[in-house]
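Engineer: Structure in C-alpha cells, see below.
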Amino acid sequence: MAMQKRANVRLPPEVNRILFVRNLPYKISSEDMYDIFGKYGAIRQIRVGNTAETRGTAYVVYEDIFDAKNACDHLSGFNVCNRYLVVLYHQPAKANKKFDVEKEKELIEKTKAKFGL
C-alpha cells in the first residue's frame, strides 16, 4: 500500500537521489555519515571530501528517491558537532554552469584582445 501511494506522488524536478552535504565537521568519518543518513533509507554510496577545497562536503547517494527527499527534508539544518548541515539535491547542470561562465569570460577576453578593446 505504501509503494502504491509513492507511485502517485509527483516530485519537483530538482529532487533526485543524490544529496550534496555542506558544512560538515572536518573530522567526520564515513561511518558517522552512514549513522546519520542511514536512518532515512538504504544508502548506495557516501563520498566525503578529503582535499583542501572539498573538505567539509560530501555526496550521499540513496537507493530510493523518496528516501533522499525524506533525508533532505529532515537533515537540512541538523546539528552535528556544533555545525548545522546544509543538505541540497545534487544538480549537475548548475555545477557545470560555473565552468561555462569561466569559458565565456575567456571568450570575451579573446574577443577584446582581437579587436583592441
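Chain labels follow the order of the C-alpha cells: the first chain is A, the next B, and so on; residue numbering restarts at 1 in every chain, and ligands are counted from 1 in their shown order.
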Where in segment 24-69 of chain A does DSSP assign alpha helix (DSSP H), given as an mmCIF file with N, CA and C atoms, in the first residue's frame?
Structural biologist:
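Okay, states-v6.cif is ready:
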data_model
loop_
_atom_site.group_PDB
_atom_site.id
_atom_site.type_symbol
_atom_site.label_atom_id
_atom_site.label_comp_id
_atom_site.auth_asym_id
_atom_site.auth_seq_id
_atom_site.Cartn_x
_atom_site.Cartn_y
_atom_site.Cartn_z
ATOM 1 N N SER A 30 33.185 8.298 7.456
ATOM 2 C CA SER A 30 32.123 7.712 6.637
ATOM 3 C C SER A 30 31.140 6.931 7.502
ATOM 4 N N GLU A 31 31.642 6.289 8.553
ATOM 5 C CA GLU A 31 30.762 5.539 9.451
ATOM 6 C C GLU A 31 29.765 6.468 10.142
ATOM 7 N N ASP A 32 30.242 7.651 10.568
ATOM 8 C CA ASP A 32 29.337 8.630 11.181
ATOM 9 C C ASP A 32 28.283 9.085 10.172
ATOM 10 N N MET A 33 28.705 9.260 8.929
ATOM 11 C CA MET A 33 27.763 9.670 7.888
ATOM 12 C C MET A 33 26.705 8.591 7.658
ATOM 13 N N TYR A 34 27.137 7.325 7.634
ATOM 14 C CA TYR A 34 26.169 6.233 7.476
ATOM 15 C C TYR A 34 25.197 6.203 8.657
ATOM 16 N N ASP A 35 25.691 6.483 9.863
ATOM 17 C CA ASP A 35 24.809 6.509 11.034
ATOM 18 C C ASP A 35 23.758 7.615 10.916
ATOM 19 N N ILE A 36 24.180 8.784 10.477
ATOM 20 C CA ILE A 36 23.265 9.934 10.388
ATOM 21 C C ILE A 36 22.277 9.758 9.242
ATOM 22 N N PHE A 37 22.780 9.456 8.050
ATOM 23 C CA PHE A 37 21.929 9.412 6.859
ATOM 24 C C PHE A 37 21.246 8.066 6.671
ATOM 25 N N ILE A 65 14.607 7.478 -4.383
ATOM 26 C CA ILE A 65 14.469 8.931 -4.437
ATOM 27 C C ILE A 65 13.631 9.465 -3.261
ATOM 28 N N PHE A 66 12.653 8.686 -2.792
ATOM 29 C CA PHE A 66 11.815 9.130 -1.679
ATOM 30 C C PHE A 66 12.600 9.148 -0.374
ATOM 31 N N ASP A 67 13.542 8.215 -0.214
ATOM 32 C CA ASP A 67 14.411 8.229 0.961
ATOM 33 C C ASP A 67 15.306 9.465 0.936
ATOM 34 N N ALA A 68 15.808 9.816 -0.240
ATOM 35 C CA ALA A 68 16.649 11.009 -0.366
ATOM 36 C C ALA A 68 15.860 12.266 -0.037
ATOM 37 N N LYS A 69 14.613 12.341 -0.497
ATOM 38 C CA LYS A 69 13.773 13.504 -0.199
ATOM 39 C C LYS A 69 13.500 13.601 1.293
#
Engineer: Write out as JSON, numbers by chain all residues of chain A that backbone DSSP assigns to strand (DSSP E or B).
Structural biologist: {"A": [18, 19, 20, 21, 22, 43, 44, 45, 46, 47, 48, 58, 59, 60, 61, 62, 79, 80, 83, 84, 86, 87, 88, 89]}
Engineer: I'd like to know which of A:Arg17, A:Arg10, A:Arg83, A:Lys112 is closest to Ala42 of chain A, using only C-alpha atoms.
Structural biologist: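 Ranking A:Arg17, A:Arg10, A:Arg83, A:Lys112 by distance to Ala42 of chain A, first place goes to A:Arg17.
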Engineer: Name the residues in contact with Ile28 of chain A at a cut-off of 12 Å, using only C-alpha atoms, excluding same-chain residues fewer than 6 positions from it; report them as a list in words.
Structural biologist: Tyr34, Asp35, Ile36, Arg47, Val48, Gly49, Asn50, Arg55, Gly56, Thr57, Ala58, Val80, Cys81 and Arg83 of chain A
Engineer: With N, CA, C and O atoms kept, could you save the residues just selected as a short mmCIF file (atom, residue, chain, number, x, y, z; two decimals), in the first residue's frame?
Structural biologist:
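Saved to part-v3.cif:
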data_model
loop_
_atom_site.label_atom_id
_atom_site.label_comp_id
_atom_site.auth_asym_id
_atom_site.auth_seq_id
_atom_site.Cartn_x
_atom_site.Cartn_y
_atom_site.Cartn_z
N TYR A 34 27.14 7.32 7.63
CA TYR A 34 26.17 6.23 7.48
C TYR A 34 25.20 6.20 8.66
O TYR A 34 24.01 5.93 8.47
N ASP A 35 25.69 6.48 9.86
CA ASP A 35 24.81 6.51 11.03
C ASP A 35 23.76 7.62 10.92
O ASP A 35 22.59 7.42 11.23
N ILE A 36 24.18 8.78 10.48
CA ILE A 36 23.27 9.93 10.39
C ILE A 36 22.28 9.76 9.24
O ILE A 36 21.06 9.89 9.41
N ARG A 47 30.40 9.71 -0.34
CA ARG A 47 31.73 10.22 -0.68
C ARG A 47 31.98 11.47 0.16
O ARG A 47 31.31 12.48 -0.01
N VAL A 48 32.95 11.39 1.07
CA VAL A 48 33.32 12.52 1.92
C VAL A 48 34.53 13.20 1.30
O VAL A 48 35.50 12.54 0.93
N GLY A 49 34.47 14.54 1.19
CA GLY A 49 35.57 15.30 0.59
C GLY A 49 36.83 15.20 1.44
O GLY A 49 36.78 15.30 2.66
N ASN A 50 37.99 15.04 0.78
CA ASN A 50 39.23 14.91 1.52
C ASN A 50 40.33 15.85 1.03
O ASN A 50 41.41 15.87 1.60
N ARG A 55 36.95 19.59 1.58
CA ARG A 55 36.75 19.22 2.98
C ARG A 55 35.47 19.88 3.50
O ARG A 55 35.13 20.99 3.13
N GLY A 56 34.76 19.16 4.34
CA GLY A 56 33.51 19.68 4.89
C GLY A 56 32.31 19.44 3.99
O GLY A 56 31.22 19.93 4.27
N THR A 57 32.51 18.70 2.89
CA THR A 57 31.40 18.39 1.99
C THR A 57 31.33 16.89 1.77
O THR A 57 32.29 16.17 2.03
N ALA A 58 30.18 16.44 1.29
CA ALA A 58 30.01 15.02 0.99
C ALA A 58 28.86 14.86 0.00
O ALA A 58 28.00 15.73 -0.13
N VAL A 80 25.42 18.81 13.88
CA VAL A 80 26.43 17.76 14.05
C VAL A 80 27.70 18.44 14.54
O VAL A 80 28.28 19.27 13.83
N CYS A 81 28.13 18.11 15.75
CA CYS A 81 29.36 18.69 16.33
C CYS A 81 29.33 20.22 16.28
O CYS A 81 30.28 20.88 15.87
N ARG A 83 27.79 22.16 14.31
CA ARG A 83 27.72 22.70 12.95
C ARG A 83 26.36 22.30 12.36
O ARG A 83 25.95 21.16 12.49
#
Engineer: To one decimal place, how far is atom CA of Glu102 of chain A from atom CA of Lys114 of chain A in Å?
Structural biologist: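 Between atom CA of Glu102 of chain A and atom CA of Lys114 of chain A the gap works out to 18.4 Å.
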Engineer: Skip Asn16 of chain A itself and residues of its chain fewer than 2 positions away, then list as a PyMOL selection string all residues within 12 Å of it, counting only C-alpha atoms.
Structural biologist: chain A and resi 11-14+18-20+60-72+88-92
